[in-house]
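*Asks:* Got a structure for you, written out below as structure tokens; questions coming shortly.
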Amino acid sequence: MQIRIENLNKIYKGGSYAIKNLNLEIPQGMFGLLGPNGAGKSTLMRILVTLMKPTSGKVYFNDYELSKHRREIRSMLGYLPQDFSFFSKLKTYEFLDYAARLSGMKNGAARRTAVEQMLEEVGLFEARDRNANKLSGGMKRRLGIAQALINNPKVIIVDEPTTGLDPEERIRFRNLLSTISDRDVIIILSTHIVGDISSTCHNMALLNQGKLAFTGAPEELVKEAEGNVWQILATEKEYLEINEKYPVISTIPIDGGWEVQVVAPEINGYQGKQIAPNLEHAYVHFMENKLNQWSNA
Ligand code: ADP
């Protein structure tokens, strides 16, 4: 499975580009789509799930082109929208069974087996008789992914998957997605949470102002930030100055002051050392430097 996006543009009423001349290849496995609010991620997701037509350009799912083969492409898709919610009266099992019926699974016995297997897989079998709307936030998300997967889709699109989840649920949800990605599928994760991508995706794209800023492996983006991440030991007074001057990634209180991580090419006179970047540092580095140059180009 492969998705190919060619010269894609989306202009909303009023004339501004939400997607501008986007060319992107999405290979099999987990693919992270990262970008700040307003970058165009939701617009791209809506186009990919056939809810919205682009202004121009083409999208191919293998050899199927989106404007010509909407039905075929829809049958390959599973979608978990950000604001996924369900019919309040249904039990967890009934909800998934209903989703399976909607997706065309008519044979009762086969459907029951599929629903039970899926409940096991997402860790909701024990909760199968609970009302779906009484599940915890993390469990609801897992039920959401179960309904997106029940029809064996080839492409699964998940919008802001971990927003609002507590850390434990977030990790569990990420692990679940990683297990699924071992199959011959594409999972696209659209997020502004860097940790969702660094812990799961082998490939990613960075969008900003509707344009592609980077695509490749997260490690490649991280490499670009080498030499630009510093750990500074700062007094209280220095900390306040540093906060004004540099993008601060993290602070830890220590005896007599703070240990501060900043992204900058140099730290003029402060006491500190360079450290190895991670994806979060790299994202900030990219947004601070490259994107400024690139959006002025
Ligand atoms: P993201 O999901 O990355 O936050 P969006 O795709 O929602 O980005 O938005 C991209 C741009 O398109 C933003 O500038 C946003 O204001 C604009 N936009 C989104 N939806 C609409 C709409 N329905 N009408 C007009 N402009 C829109």
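Residue numbering restarts at 1 in every chain; chains get A, B, ... in the order shown in the structure tokens, and ligands count up from 1 in that same order.
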List the neighbours of range 61-66 of chain A out to 10 Å using only C-alpha atoms; skip same-chain residues closer than 4 positions along the sequence, and give me the result as a list in words.
*Replies:*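 Returned residues: Met1, Gln2, Ile3, Arg4, Ile5, Ile26, Ile47, Leu48, Val49, Thr50, Lys53, Pro54, Gly57, Arg70, Arg71, Glu72, Ile73, Arg74, Met76, Lys154 and Val155 of chain A.
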*Asks:* Neighbouring residues of Pro167 in chain A were defined as those with any atom within 12 Å, considering only C-alpha atoms; residues of the same chain fewer than 4 positions away were excluded. Please report them as an mmCIF file with all heavy atoms, in the first residue's frame.
*Replies:*
```
data_model
loop_
_atom_site.group_PDB
_atom_site.id
_atom_site.type_symbol
_atom_site.label_atom_id
_atom_site.label_comp_id
_atom_site.auth_asym_id
_atom_site.auth_seq_id
_atom_site.Cartn_x
_atom_site.Cartn_y
_atom_site.Cartn_z
ATOM 1 N N GLY A 137 -11.736 7.878 28.991
ATOM 2 C CA GLY A 137 -11.288 8.529 27.749
ATOM 3 C C GLY A 137 -10.429 7.608 26.896
ATOM 4 O O GLY A 137 -10.606 7.510 25.686
ATOM 5 N N GLY A 138 -9.489 6.913 27.549
ATOM 6 C CA GLY A 138 -8.587 6.022 26.812
ATOM 7 C C GLY A 138 -9.343 4.840 26.216
ATOM 8 O O GLY A 138 -9.078 4.419 25.089
ATOM 9 N N THR A 162 -4.088 11.312 20.793
ATOM 10 C CA THR A 162 -3.906 11.214 22.247
ATOM 11 C C THR A 162 -4.306 12.481 22.991
ATOM 12 O O THR A 162 -4.111 12.568 24.195
ATOM 13 C CB THR A 162 -2.452 10.863 22.603
ATOM 14 O OG1 THR A 162 -1.623 11.956 22.220
ATOM 15 C CG2 THR A 162 -1.998 9.590 21.935
ATOM 16 N N THR A 163 -4.889 13.442 22.284
ATOM 17 C CA THR A 163 -5.319 14.666 22.957
ATOM 18 C C THR A 163 -6.305 14.315 24.066
ATOM 19 O O THR A 163 -7.248 13.564 23.854
ATOM 20 C CB THR A 163 -6.000 15.612 21.944
ATOM 21 O OG1 THR A 163 -5.089 15.805 20.868
ATOM 22 C CG2 THR A 163 -6.340 16.952 22.562
ATOM 23 N N ILE A 171 0.190 6.061 26.410
ATOM 24 C CA ILE A 171 1.173 5.030 26.074
ATOM 25 C C ILE A 171 0.459 3.779 25.555
ATOM 26 O O ILE A 171 0.850 3.190 24.550
ATOM 27 C CB ILE A 171 2.046 4.700 27.307
ATOM 28 C CG1 ILE A 171 2.973 5.885 27.590
ATOM 29 C CG2 ILE A 171 2.861 3.432 27.087
ATOM 30 C CD1 ILE A 171 3.635 5.853 28.932
ATOM 31 N N ARG A 172 -0.618 3.411 26.216
ATOM 32 C CA ARG A 172 -1.349 2.218 25.800
ATOM 33 C C ARG A 172 -1.891 2.382 24.371
ATOM 34 O O ARG A 172 -1.824 1.470 23.557
ATOM 35 C CB ARG A 172 -2.494 1.983 26.788
ATOM 36 C CG ARG A 172 -3.260 0.776 26.452
ATOM 37 C CD ARG A 172 -3.904 0.162 27.643
ATOM 38 N NE ARG A 172 -4.368 -1.150 27.239
ATOM 39 C CZ ARG A 172 -5.096 -1.931 27.979
ATOM 40 N NH1 ARG A 172 -5.413 -1.582 29.180
ATOM 41 N NH2 ARG A 172 -5.502 -3.088 27.521
ATOM 42 N N PHE A 173 -2.426 3.577 24.087
ATOM 43 C CA PHE A 173 -2.979 3.828 22.752
ATOM 44 C C PHE A 173 -1.876 3.790 21.693
ATOM 45 O O PHE A 173 -2.037 3.203 20.626
ATOM 46 C CB PHE A 173 -3.720 5.161 22.728
ATOM 47 C CG PHE A 173 -4.560 5.334 21.506
ATOM 48 C CD1 PHE A 173 -5.778 4.682 21.397
ATOM 49 C CD2 PHE A 173 -4.132 6.111 20.450
ATOM 50 C CE1 PHE A 173 -6.558 4.819 20.245
ATOM 51 C CE2 PHE A 173 -4.906 6.258 19.307
ATOM 52 C CZ PHE A 173 -6.120 5.610 19.207
ATOM 53 N N ARG A 174 -0.729 4.398 22.012
ATOM 54 C CA ARG A 174 0.399 4.368 21.069
ATOM 55 C C ARG A 174 0.845 2.940 20.814
ATOM 56 O O ARG A 174 1.127 2.549 19.670
ATOM 57 C CB ARG A 174 1.577 5.157 21.644
ATOM 58 C CG ARG A 174 1.399 6.653 21.599
ATOM 59 C CD ARG A 174 2.556 7.305 22.331
ATOM 60 N NE ARG A 174 2.436 8.742 22.382
ATOM 61 C CZ ARG A 174 3.145 9.509 23.209
ATOM 62 N NH1 ARG A 174 4.015 8.972 24.051
ATOM 63 N NH2 ARG A 174 2.994 10.810 23.183
ATOM 64 N N GLY A 195 5.560 13.684 20.859
ATOM 65 C CA GLY A 195 5.782 12.368 21.464
ATOM 66 C C GLY A 195 4.986 11.264 20.792
ATOM 67 O O GLY A 195 5.426 10.110 20.760
ATOM 68 N N ASP A 196 3.830 11.587 20.229
ATOM 69 C CA ASP A 196 3.043 10.574 19.522
ATOM 70 C C ASP A 196 3.836 10.022 18.346
ATOM 71 O O ASP A 196 3.730 8.847 17.998
ATOM 72 C CB ASP A 196 1.746 11.187 18.958
ATOM 73 C CG ASP A 196 0.692 11.389 20.033
ATOM 74 O OD1 ASP A 196 0.849 10.829 21.131
ATOM 75 O OD2 ASP A 196 -0.284 12.113 19.763
#
```
*Asks:* 7 Å from ligand 1 is the threshold here; counting only C-alpha atoms and all ligand atoms, which polymer residues fall inside it? Answer as a PDB file with N, CA, C and O atoms, in the first residue's frame.
*Replies:*
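Listed below is the output, selection-v3.pdb:
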```pdb
ATOM      1  N   TYR A  12      -9.787  27.637   0.598  1.00  0.00           N
ATOM      2  CA  TYR A  12     -11.134  27.824   1.153  1.00  0.00           C
ATOM      3  C   TYR A  12     -11.721  29.118   0.611  1.00  0.00           C
ATOM      4  O   TYR A  12     -10.996  29.961   0.077  1.00  0.00           O
ATOM      5  N   LYS A  13     -13.033  29.270   0.800  1.00  0.00           N
ATOM      6  CA  LYS A  13     -13.680  30.531   0.413  1.00  0.00           C
ATOM      7  C   LYS A  13     -12.956  31.669   1.116  1.00  0.00           C
ATOM      8  O   LYS A  13     -12.619  31.562   2.287  1.00  0.00           O
ATOM      9  N   TYR A  17      -4.803  29.750   1.053  1.00  0.00           N
ATOM     10  CA  TYR A  17      -4.424  28.347   0.847  1.00  0.00           C
ATOM     11  C   TYR A  17      -4.355  27.616   2.184  1.00  0.00           C
ATOM     12  O   TYR A  17      -3.602  28.012   3.069  1.00  0.00           O
ATOM     13  N   ALA A  18      -5.118  26.523   2.324  1.00  0.00           N
ATOM     14  CA  ALA A  18      -4.955  25.672   3.502  1.00  0.00           C
ATOM     15  C   ALA A  18      -3.932  24.576   3.200  1.00  0.00           C
ATOM     16  O   ALA A  18      -3.245  24.095   4.093  1.00  0.00           O
ATOM     17  N   GLY A  35       2.524  19.256  12.781  1.00  0.00           N
ATOM     18  CA  GLY A  35       2.510  20.675  12.406  1.00  0.00           C
ATOM     19  C   GLY A  35       1.726  21.460  13.432  1.00  0.00           C
ATOM     20  O   GLY A  35       0.866  20.901  14.118  1.00  0.00           O
ATOM     21  N   PRO A  36       2.015  22.750  13.529  1.00  0.00           N
ATOM     22  CA  PRO A  36       1.295  23.574  14.510  1.00  0.00           C
ATOM     23  C   PRO A  36      -0.167  23.749  14.100  1.00  0.00           C
ATOM     24  O   PRO A  36      -0.540  23.396  12.973  1.00  0.00           O
ATOM     25  N   ASN A  37      -0.961  24.295  14.979  1.00  0.00           N
ATOM     26  CA  ASN A  37      -2.361  24.577  14.630  1.00  0.00           C
ATOM     27  C   ASN A  37      -2.422  25.449  13.389  1.00  0.00           C
ATOM     28  O   ASN A  37      -1.644  26.387  13.247  1.00  0.00           O
ATOM     29  N   GLY A  38      -3.333  25.121  12.501  1.00  0.00           N
ATOM     30  CA  GLY A  38      -3.489  25.911  11.280  1.00  0.00           C
ATOM     31  C   GLY A  38      -2.572  25.478  10.147  1.00  0.00           C
ATOM     32  O   GLY A  38      -2.575  26.071   9.068  1.00  0.00           O
ATOM     33  N   ALA A  39      -1.777  24.414  10.364  1.00  0.00           N
ATOM     34  CA  ALA A  39      -0.806  23.982   9.354  1.00  0.00           C
ATOM     35  C   ALA A  39      -1.471  23.355   8.129  1.00  0.00           C
ATOM     36  O   ALA A  39      -0.878  23.303   7.057  1.00  0.00           O
ATOM     37  N   GLY A  40      -2.695  22.853   8.306  1.00  0.00           N
ATOM     38  CA  GLY A  40      -3.373  22.212   7.182  1.00  0.00           C
ATOM     39  C   GLY A  40      -3.576  20.718   7.377  1.00  0.00           C
ATOM     40  O   GLY A  40      -4.029  20.017   6.467  1.00  0.00           O
ATOM     41  N   LYS A  41      -3.274  20.209   8.558  1.00  0.00           N
ATOM     42  CA  LYS A  41      -3.370  18.759   8.813  1.00  0.00           C
ATOM     43  C   LYS A  41      -4.815  18.262   8.666  1.00  0.00           C
ATOM     44  O   LYS A  41      -5.066  17.283   7.972  1.00  0.00           O
ATOM     45  N   SER A  42      -5.751  18.939   9.319  1.00  0.00           N
ATOM     46  CA  SER A  42      -7.144  18.468   9.247  1.00  0.00           C
ATOM     47  C   SER A  42      -7.677  18.558   7.828  1.00  0.00           C
ATOM     48  O   SER A  42      -8.424  17.685   7.383  1.00  0.00           O
ATOM     49  N   THR A  43      -7.299  19.612   7.130  1.00  0.00           N
ATOM     50  CA  THR A  43      -7.734  19.757   5.734  1.00  0.00           C
ATOM     51  C   THR A  43      -7.228  18.567   4.922  1.00  0.00           C
ATOM     52  O   THR A  43      -7.998  17.944   4.175  1.00  0.00           O
ATOM     53  N   LEU A  44      -5.965  18.222   5.087  1.00  0.00           N
ATOM     54  CA  LEU A  44      -5.405  17.091   4.350  1.00  0.00           C
ATOM     55  C   LEU A  44      -6.119  15.784   4.733  1.00  0.00           C
ATOM     56  O   LEU A  44      -6.464  14.982   3.866  1.00  0.00           O
ATOM     57  N   GLY A 210       0.304  25.161   5.364  1.00  0.00           N
ATOM     58  CA  GLY A 210      -0.173  24.445   4.179  1.00  0.00           C
ATOM     59  C   GLY A 210       0.909  23.865   3.298  1.00  0.00           C
ATOM     60  O   GLY A 210       0.622  23.222   2.294  1.00  0.00           O
TER      61      GLY A 210
END
```
*Asks:* In range 80-166 of chain A, what's alpha helix (DSSP H) per DSSP? Answer as a PyMOL selection string?
*Replies:* chain A and resi 92-102+108-121+137-149
*Asks:* Residues of range 85-251 of chain A classed as strand (DSSP E) by DSSP on the backbone are to be reported as a ChimeraX atom specification.
*Replies:* /A:155-159,186-191,203-208,211-216,229-234,248-251
*Asks:* Please measure the separation of CA of Glu6 in chain A and CA of Cys201 in chain A, giving the value in Å to one decimal.
*Replies:*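 Atom-to-atom, CA of Glu6 in chain A and CA of Cys201 in chain A are spaced 22.4 Å apart.
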*Asks:* Can you pull out the residues contacting Leu22 in chain A? Cut-off 7 Å, using only C-alpha atoms, and skip same-chain residues under 6 positions away; I want them as a PyMOL selection string.
*Replies:* chain A and resi 5-9+211-212
*Asks:* If you measure from CA of Ser199 in chain A to CA of Ser178 in chain A, what distance in Å do you get, rounded to one decimal?
*Replies:*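 Distance reported for this atom pair: 9.0 Å.
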